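Below you'll find the structure, written out as structure tokens, and then a few comments.
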Amino acid sequence: MSRDRDYGRRDVLRAGGIVLGGSLVSGSATAADGDGATTLTVLSYNDIQTAAAEDKKFPRLVTLIEQRRAAADGPVVVVGGGDEVGPHALSPVSQWRAPVDVLNEVEPDADVIGNHEFDYGLDPISDVTADSEFPWLATNLVDSETGEAFDGTESVRIVERGGVKVGLIGLVDEGATFGKTNIKFNEEGLTLEEYTETGPAEAKRLKEDEGVDAAVALAHTGIGDAEALAEADADDDIDAIVVGDDEQFYPPEEVDGSIVSEARARARYLSEIELTIDGGEVTAFDGELIEVTDDIEKDPTASDIINEYRGEVSLDSVIVETETPLDATFGSNYHRETNYGNVVTDAMRERVDADVAITNAGGIRSDSVYGPGEITGGDIFNTLPFPNTVVSLELTGEELVETLESQVVTLESDTGQNFGEEISQQTSGLRFEWVPHNDADEPIRDVYVDGEPLDPEETYEVAVNSFIANGGSSYPLDDKPVEDTGELQATTVVNYLEEKDTIAPTVEGRMQRVDRDLPDAAVTVDGNGKVVSQFDAPDDVQSVAEDTVAVWTPEGDHVDAEKVVFDEEDETLVVRVDDSNLADTIEDADDGDEVALDIYAEYESSEYDHIYFERSRLNADVSATVRRRGRGLGSAGPPGR
């Protein structure tokens, strides 16, 4: 339902430091302890999400929290960074209840409302908070008329423990509200205040008016915005910032006078920050992320709660066996075609007999790989945990291109600079190229529907999920009439797979990334000898990865090049393909037909510095004339120069 990423890019332990006069100098918490000093331990988790429906990490996290509570040398507060109650495999049937029941056993001191707390709508937030035996904070998302916390939430929470007074505030940013939900907050009477203003101001009030010794912000903003919050806190009133939303591995680190930490996601880590309180001030810190390993015993009560909910919907039934691993990871599904994305969209397209199917990358969850081996219904619901249904609508070819373009994230954009260029969706019935650069004339181009070139004026039946049909993930579809199957997207995929004994989905070239173009080329294919094309290479090409060069058909078949020669001095690229292999690939073409082919090749670029992808990518359009009669060498036409 939303855009969340977990690429595991932060992997260096950060800890230590002493705060003196609002600045940080080298040292450790122990070195700063005085006779009257107290160590306050802040334990935090965030983005439990899909782990809430599995008897795996979550019950172990519960045990780990209790162990660290018992081991602490001083008072302890336990807090969450938001996105705890969804999405997960039980969301469509039991909604927030399973994770809330488990968290009630943890007895946290507070959590912050994140975007996935809104998965069930705005009004049910009061039901979530009513079922929770702990407060949910929304300091800067307030009632527009009163300026107070909206229904069911609290603005702040003050905890007094072991002689230490701790003020807790909960912050969200625009990305975690307007950017990741379909809720029109302004129309619902809610105002989102600027977190970099409300956060520091509220922390200062807590210290000056309420006399708290430490102020802790629960920030469902992601690391980048949390760092901006620390920078905006000019007087260093916020001592620690517990982060959620972008799900990074970010051990406690001092940033502009605040200690910032994020425990990745899905109950994989517990953040532990030790703040030394001396004379009513934080004078030092230490901290780490503690991994939730299989050596930690499961909390039996947490396991019982989860398994009881699972038993109600038979999530452990095997539905199919896969011979290839199904890739449901965020990194893959946001950036490129995946075999699991193909399974999901193929099922949707078949369900409504559509020409095309599209689903948003953020709707594929769990950040895991399944198989090879047995796949259960729970696996599918874990990867598609939202209460989204499969719907169909009609789009012209022009509108279809606009829809696809809405998900292209360019390398030069702010998101692209953090996570790399993205296509942010998975498709079926389509083959197209996407150009992830700001200067691209056509971000989406060379679109084929069922192997035929897209007609801008033709009407196509398109299957999507109800979230993006309502404009979610910035899809321009909320004004289109739809036919709703009323069937959950996960149920559609389960039903599709139950009809098969085994599956072995692959990546088929449905979405081809292109950074630079080679000149067009023309070749003759007669099944004999070799097909050779020579191209002038763009100026930024430094080398070409020979094992990545292949010729592709509009149907998604491809033939690997058998010889590739790049001359850096002459800036030329020569590609040779076995003619008989290429002829077999386009065997349905008749004598004299012209077949549109594409050459794709990865290369080292002197211009593009990619974040996610290892190399840049070249493309050449190739017109192949088929000769079924006669013998002789398959020869190149014009050399593509």
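Naming scheme: A, B, ... for chains in displayed order of the structure tokens; residues 1 onward per chain; ligands 1 onward as shown.
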Residue contacts of region 211-224 of chain A (8 Å, only C-alpha atoms) excluding same-chain residues fewer than 4 positions away, as a PyMOL selection string: chain A and resi 79-82+111-114+158+164-173+175-176+199+203+206-207+228+237-248+262+277+280-282
Writing out the chosen residues with N, CA and C atoms as a tab-separated table (two decimals), in the first residue's frame:
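Saved to out34.tsv:
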```tsv
chain	number	residue	atom	x	y	z
A	79	VAL	N	10.04	2.04	23.64
A	79	VAL	CA	9.24	2.83	22.71
A	79	VAL	C	9.30	2.22	21.32
A	80	GLY	N	8.34	2.63	20.47
A	80	GLY	CA	8.30	2.17	19.09
A	80	GLY	C	8.39	3.32	18.12
A	81	GLY	N	8.86	3.02	16.92
A	81	GLY	CA	9.02	4.03	15.89
A	81	GLY	C	7.94	4.01	14.83
A	82	GLY	N	6.81	3.35	15.10
A	82	GLY	CA	5.68	3.37	14.18
A	82	GLY	C	5.68	2.25	13.17
A	111	ASP	N	4.27	4.61	21.52
A	111	ASP	CA	4.62	4.38	20.12
A	111	ASP	C	4.14	5.61	19.36
A	112	VAL	N	4.57	5.72	18.11
A	112	VAL	CA	4.18	6.87	17.28
A	112	VAL	C	3.31	6.37	16.12
A	113	ILE	N	2.31	7.15	15.79
A	113	ILE	CA	1.46	6.82	14.66
A	113	ILE	C	2.28	6.96	13.37
A	114	GLY	N	2.39	5.86	12.61
A	114	GLY	CA	3.07	5.89	11.33
A	114	GLY	C	2.07	5.71	10.20
A	158	ILE	N	4.80	11.73	29.46
A	158	ILE	CA	5.90	11.90	30.40
A	158	ILE	C	5.98	10.66	31.28
A	164	VAL	N	14.19	9.46	37.26
A	164	VAL	CA	14.42	10.16	35.99
A	164	VAL	C	13.08	10.45	35.33
A	165	LYS	N	12.95	11.67	34.82
A	165	LYS	CA	11.73	12.10	34.16
A	165	LYS	C	12.01	12.21	32.66
A	166	VAL	N	11.26	11.44	31.87
A	166	VAL	CA	11.50	11.36	30.43
A	166	VAL	C	10.28	11.87	29.68
A	167	GLY	N	10.49	12.79	28.75
A	167	GLY	CA	9.41	13.29	27.91
A	167	GLY	C	9.46	12.64	26.54
A	168	LEU	N	8.32	12.09	26.09
A	168	LEU	CA	8.24	11.40	24.81
A	168	LEU	C	7.32	12.18	23.87
A	169	ILE	N	7.78	12.41	22.64
A	169	ILE	CA	6.96	13.06	21.63
A	169	ILE	C	6.95	12.18	20.38
A	170	GLY	N	5.89	12.31	19.57
A	170	GLY	CA	5.77	11.50	18.36
A	170	GLY	C	5.61	12.36	17.13
A	171	LEU	N	6.47	12.18	16.15
A	171	LEU	CA	6.50	13.03	14.96
A	171	LEU	C	6.39	12.22	13.68
A	172	VAL	N	5.70	12.78	12.70
A	172	VAL	CA	5.65	12.21	11.35
A	172	VAL	C	5.95	13.33	10.36
A	173	ASP	N	6.33	12.94	9.15
A	173	ASP	CA	6.58	13.94	8.12
A	173	ASP	C	5.55	13.78	7.01
A	175	GLY	N	5.94	12.76	4.00
A	175	GLY	CA	6.09	11.51	3.26
A	175	GLY	C	5.37	10.35	3.92
A	176	ALA	N	5.28	10.36	5.24
A	176	ALA	CA	4.65	9.27	5.98
A	176	ALA	C	3.16	9.51	6.21
A	199	GLY	N	8.72	19.64	16.78
A	199	GLY	CA	9.54	18.75	17.60
A	199	GLY	C	10.45	19.49	18.56
A	203	ALA	N	9.99	19.73	22.70
A	203	ALA	CA	11.06	19.25	23.58
A	203	ALA	C	11.51	20.34	24.54
A	206	LEU	N	8.90	20.73	27.25
A	206	LEU	CA	8.97	19.64	28.23
A	206	LEU	C	10.10	19.85	29.22
A	207	LYS	N	11.20	20.38	28.75
A	207	LYS	CA	12.34	20.60	29.65
A	207	LYS	C	12.14	21.82	30.53
A	228	ALA	N	17.62	15.86	9.77
A	228	ALA	CA	17.18	17.24	9.60
A	228	ALA	C	16.53	17.76	10.88
A	237	ASP	N	17.58	20.30	22.56
A	237	ASP	CA	16.62	19.86	23.57
A	237	ASP	C	16.17	18.41	23.35
A	238	ILE	N	16.26	17.93	22.10
A	238	ILE	CA	15.92	16.53	21.83
A	238	ILE	C	17.17	15.69	22.04
A	239	ASP	N	17.14	14.83	23.04
A	239	ASP	CA	18.34	14.05	23.38
A	239	ASP	C	18.49	12.80	22.52
A	240	ALA	N	17.38	12.18	22.17
A	240	ALA	CA	17.45	10.96	21.35
A	240	ALA	C	16.30	10.96	20.36
A	241	ILE	N	16.56	10.44	19.17
A	241	ILE	CA	15.53	10.32	18.13
A	241	ILE	C	15.46	8.86	17.70
A	242	VAL	N	14.35	8.22	18.02
A	242	VAL	CA	14.10	6.83	17.63
A	242	VAL	C	13.34	6.88	16.31
A	243	VAL	N	13.87	6.26	15.27
A	243	VAL	CA	13.39	6.46	13.91
A	243	VAL	C	12.67	5.22	13.38
A	244	GLY	N	11.68	5.46	12.53
A	244	GLY	CA	11.03	4.42	11.76
A	244	GLY	C	10.77	4.92	10.36
A	245	ASP	N	10.24	4.08	9.50
A	245	ASP	CA	9.74	4.38	8.17
A	245	ASP	C	10.63	3.89	7.04
A	246	ASP	N	11.92	4.28	6.99
A	246	ASP	CA	12.73	3.83	5.85
A	246	ASP	C	13.49	2.56	6.16
A	247	GLU	N	13.39	2.06	7.38
A	247	GLU	CA	13.81	0.71	7.75
A	247	GLU	C	15.29	0.45	7.53
A	248	GLN	N	16.11	1.39	7.94
A	248	GLN	CA	17.54	1.23	7.77
A	248	GLN	C	18.20	0.61	9.01
A	262	GLU	N	17.92	3.73	14.26
A	262	GLU	CA	16.81	3.00	13.65
A	262	GLU	C	17.17	1.53	13.61
A	277	ILE	N	22.41	10.40	32.69
A	277	ILE	CA	21.73	11.59	33.21
A	277	ILE	C	22.47	12.06	34.45
A	280	GLY	N	20.31	16.53	35.92
A	280	GLY	CA	19.17	16.89	35.10
A	280	GLY	C	19.48	17.05	33.64
A	281	GLU	N	20.67	16.60	33.19
A	281	GLU	CA	21.05	16.71	31.79
A	281	GLU	C	21.65	15.40	31.30
A	282	VAL	N	21.56	15.19	29.99
A	282	VAL	CA	22.22	14.05	29.38
A	282	VAL	C	23.67	14.44	29.13
```
Could you please write out, as a PyMOL selection string, every residue of region 355-483 of chain A that DSSP assigns to alpha helix (DSSP H)? chain A and resi 377-383+397-405+414-419+466-469
Keeping C-alpha atoms for every residue in the selection just given, could you write it to a file as a PDB file, in the first residue's frame?
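File again_21.pdb, as written:
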```
ATOM      1  CA  GLY A 377      -0.926 -19.273   1.865  1.00  0.00           C
ATOM      2  CA  GLY A 378       0.738 -17.382   4.694  1.00  0.00           C
ATOM      3  CA  ASP A 379       3.718 -16.629   2.471  1.00  0.00           C
ATOM      4  CA  ILE A 380       1.433 -15.014  -0.097  1.00  0.00           C
ATOM      5  CA  PHE A 381      -0.540 -13.037   2.467  1.00  0.00           C
ATOM      6  CA  ASN A 382       2.750 -11.964   4.044  1.00  0.00           C
ATOM      7  CA  THR A 383       3.918 -10.501   0.752  1.00  0.00           C
ATOM      8  CA  GLY A 397      -2.611   3.730 -24.848  1.00  0.00           C
ATOM      9  CA  GLU A 398      -1.656   7.315 -24.090  1.00  0.00           C
ATOM     10  CA  GLU A 399      -3.084   7.057 -20.566  1.00  0.00           C
ATOM     11  CA  LEU A 400      -1.311   3.744 -20.035  1.00  0.00           C
ATOM     12  CA  VAL A 401       2.044   5.363 -20.844  1.00  0.00           C
ATOM     13  CA  GLU A 402       1.219   8.232 -18.458  1.00  0.00           C
ATOM     14  CA  THR A 403       0.393   5.678 -15.760  1.00  0.00           C
ATOM     15  CA  LEU A 404       3.701   3.880 -16.206  1.00  0.00           C
ATOM     16  CA  GLU A 405       5.614   7.175 -16.259  1.00  0.00           C
ATOM     17  CA  ASP A 414      16.380  13.340  -4.324  1.00  0.00           C
ATOM     18  CA  THR A 415      14.969   9.820  -3.998  1.00  0.00           C
ATOM     19  CA  GLY A 416      17.251   8.607  -6.760  1.00  0.00           C
ATOM     20  CA  GLN A 417      20.285  10.024  -5.005  1.00  0.00           C
ATOM     21  CA  ASN A 418      19.351   8.089  -1.872  1.00  0.00           C
ATOM     22  CA  PHE A 419      18.069   4.825  -3.312  1.00  0.00           C
ATOM     23  CA  SER A 466      -7.764  -0.862  -5.352  1.00  0.00           C
ATOM     24  CA  PHE A 467      -5.075   1.199  -3.619  1.00  0.00           C
ATOM     25  CA  ILE A 468      -3.510   2.499  -6.807  1.00  0.00           C
ATOM     26  CA  ALA A 469      -6.921   2.743  -8.504  1.00  0.00           C
TER      27      ALA A 469
END
```
Measure the distance from CA of Ala267 (chain A) to CA of Asn46 (chain A) in Å and round it to one decimal. 7.6 Å
Quick one: residues within 10 Å of region 561-569 of chain A, only C-alpha atoms, excluding same-chain residues fewer than 3 positions away - as a PyMOL selection string? chain A and resi 530-537+539+541-551+558+572-578+582+599+601
Keeping only C-alpha atoms, write those residues as a PDB file, in the first residue's frame.
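The resulting file, again.pdb, is shown below:
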```
ATOM      1  CA  LYS A 530      26.812 -14.846 -37.877  1.00  0.00           C
ATOM      2  CA  VAL A 531      24.948 -11.574 -37.490  1.00  0.00           C
ATOM      3  CA  VAL A 532      27.326  -8.695 -36.825  1.00  0.00           C
ATOM      4  CA  SER A 533      26.558  -5.057 -36.005  1.00  0.00           C
ATOM      5  CA  GLN A 534      28.985  -2.211 -35.345  1.00  0.00           C
ATOM      6  CA  PHE A 535      28.030   0.948 -33.451  1.00  0.00           C
ATOM      7  CA  ASP A 536      29.522   4.287 -32.534  1.00  0.00           C
ATOM      8  CA  ALA A 537      29.463   4.298 -28.712  1.00  0.00           C
ATOM      9  CA  ASP A 539      31.221   9.391 -25.132  1.00  0.00           C
ATOM     10  CA  VAL A 541      31.275   4.489 -22.313  1.00  0.00           C
ATOM     11  CA  GLN A 542      34.495   3.331 -20.653  1.00  0.00           C
ATOM     12  CA  SER A 543      34.040  -0.428 -20.961  1.00  0.00           C
ATOM     13  CA  VAL A 544      31.295  -2.913 -21.809  1.00  0.00           C
ATOM     14  CA  ALA A 545      30.418  -5.990 -19.752  1.00  0.00           C
ATOM     15  CA  GLU A 546      30.480  -8.639 -22.479  1.00  0.00           C
ATOM     16  CA  ASP A 547      28.383 -11.187 -20.592  1.00  0.00           C
ATOM     17  CA  THR A 548      25.466  -8.722 -20.369  1.00  0.00           C
ATOM     18  CA  VAL A 549      25.037  -8.136 -24.103  1.00  0.00           C
ATOM     19  CA  ALA A 550      21.984  -9.786 -25.660  1.00  0.00           C
ATOM     20  CA  VAL A 551      19.436  -9.399 -28.447  1.00  0.00           C
ATOM     21  CA  HIS A 558      16.624 -13.254 -26.067  1.00  0.00           C
ATOM     22  CA  THR A 572      33.133   1.620 -31.335  1.00  0.00           C
ATOM     23  CA  LEU A 573      31.191  -1.429 -30.189  1.00  0.00           C
ATOM     24  CA  VAL A 574      30.893  -4.608 -32.264  1.00  0.00           C
ATOM     25  CA  VAL A 575      28.294  -7.242 -31.372  1.00  0.00           C
ATOM     26  CA  ARG A 576      28.207 -10.709 -32.966  1.00  0.00           C
ATOM     27  CA  VAL A 577      25.333 -13.178 -32.572  1.00  0.00           C
ATOM     28  CA  ASP A 578      24.916 -16.706 -33.916  1.00  0.00           C
ATOM     29  CA  LEU A 582      18.594 -15.737 -33.641  1.00  0.00           C
ATOM     30  CA  ILE A 599      20.263  -4.982 -28.161  1.00  0.00           C
ATOM     31  CA  ALA A 601      24.385  -4.013 -22.939  1.00  0.00           C
TER      32      ALA A 601
END
```
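Among the candidates A:Glu210, A:Asp593, A:Asp101, A:Glu254, the one nearest to Ala230 (chain A) when counting only C-alpha atoms is A:Glu254.
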So that I can check the surroundings of region 325-330 of chain A, please list as a list in words every protein, DNA and RNA residue that reaches within 6 Å of it, counting only C-alpha atoms and ignoring chain neighbours fewer than 5 positions away. Arg5, Tyr340, Asp367, Ser368, Val369, Tyr370, Gly371 and Pro372 of chain A
Please save all heavy atoms of the selected residues as a compact mmCIF listing (two decimals), in the first residue's frame.
```
# COMPACT_ATOMS: atom_id res chain seq x y z
N ARG A 5 11.26 1.25 2.04
CA ARG A 5 12.43 0.58 1.49
C ARG A 5 13.31 0.08 2.62
O ARG A 5 13.45 0.73 3.64
CB ARG A 5 13.25 1.54 0.62
CG ARG A 5 12.44 2.13 -0.53
CD ARG A 5 13.26 3.22 -1.17
NE ARG A 5 12.62 3.77 -2.32
CZ ARG A 5 11.67 4.69 -2.28
NH1 ARG A 5 11.23 5.13 -1.13
NH2 ARG A 5 11.15 5.16 -3.38
N TYR A 340 8.69 -12.71 -8.85
CA TYR A 340 7.50 -12.71 -8.01
C TYR A 340 6.53 -11.62 -8.45
O TYR A 340 5.31 -11.82 -8.44
CB TYR A 340 7.85 -12.54 -6.54
CG TYR A 340 6.64 -12.71 -5.66
CD1 TYR A 340 5.92 -13.91 -5.66
CD2 TYR A 340 6.18 -11.68 -4.84
CE1 TYR A 340 4.79 -14.08 -4.88
CE2 TYR A 340 5.04 -11.84 -4.05
CZ TYR A 340 4.34 -13.04 -4.08
OH TYR A 340 3.22 -13.21 -3.32
N ASP A 367 10.02 -8.18 2.29
CA ASP A 367 11.45 -8.02 2.03
C ASP A 367 12.19 -9.34 2.18
O ASP A 367 13.25 -9.40 2.77
CB ASP A 367 12.04 -6.96 2.97
CG ASP A 367 13.40 -6.46 2.48
OD1 ASP A 367 13.61 -6.42 1.26
OD2 ASP A 367 14.24 -6.11 3.33
N SER A 368 11.60 -10.39 1.64
CA SER A 368 12.16 -11.74 1.79
C SER A 368 12.15 -12.47 0.46
O SER A 368 11.53 -12.05 -0.51
CB SER A 368 11.34 -12.54 2.82
OG SER A 368 11.36 -11.91 4.09
N VAL A 369 12.86 -13.59 0.45
CA VAL A 369 12.87 -14.49 -0.70
C VAL A 369 12.27 -15.83 -0.25
O VAL A 369 12.62 -16.34 0.81
CB VAL A 369 14.30 -14.70 -1.23
CG1 VAL A 369 14.31 -15.71 -2.36
CG2 VAL A 369 14.89 -13.37 -1.70
N TYR A 370 11.37 -16.38 -1.05
CA TYR A 370 10.66 -17.61 -0.70
C TYR A 370 11.03 -18.73 -1.67
O TYR A 370 10.95 -18.56 -2.88
CB TYR A 370 9.15 -17.37 -0.72
CG TYR A 370 8.70 -16.36 0.29
CD1 TYR A 370 8.75 -15.00 0.00
CD2 TYR A 370 8.25 -16.75 1.55
CE1 TYR A 370 8.34 -14.05 0.94
CE2 TYR A 370 7.84 -15.81 2.49
CZ TYR A 370 7.89 -14.46 2.18
OH TYR A 370 7.51 -13.53 3.11
N GLY A 371 11.43 -19.85 -1.12
CA GLY A 371 11.78 -20.99 -1.94
C GLY A 371 13.24 -20.95 -2.35
O GLY A 371 13.99 -20.08 -1.93
N PRO A 372 13.63 -21.93 -3.20
CA PRO A 372 12.79 -22.98 -3.80
C PRO A 372 12.18 -23.89 -2.73
O PRO A 372 12.76 -24.11 -1.68
CB PRO A 372 13.77 -23.75 -4.68
CG PRO A 372 14.96 -22.87 -4.85
CD PRO A 372 15.04 -22.07 -3.60
```
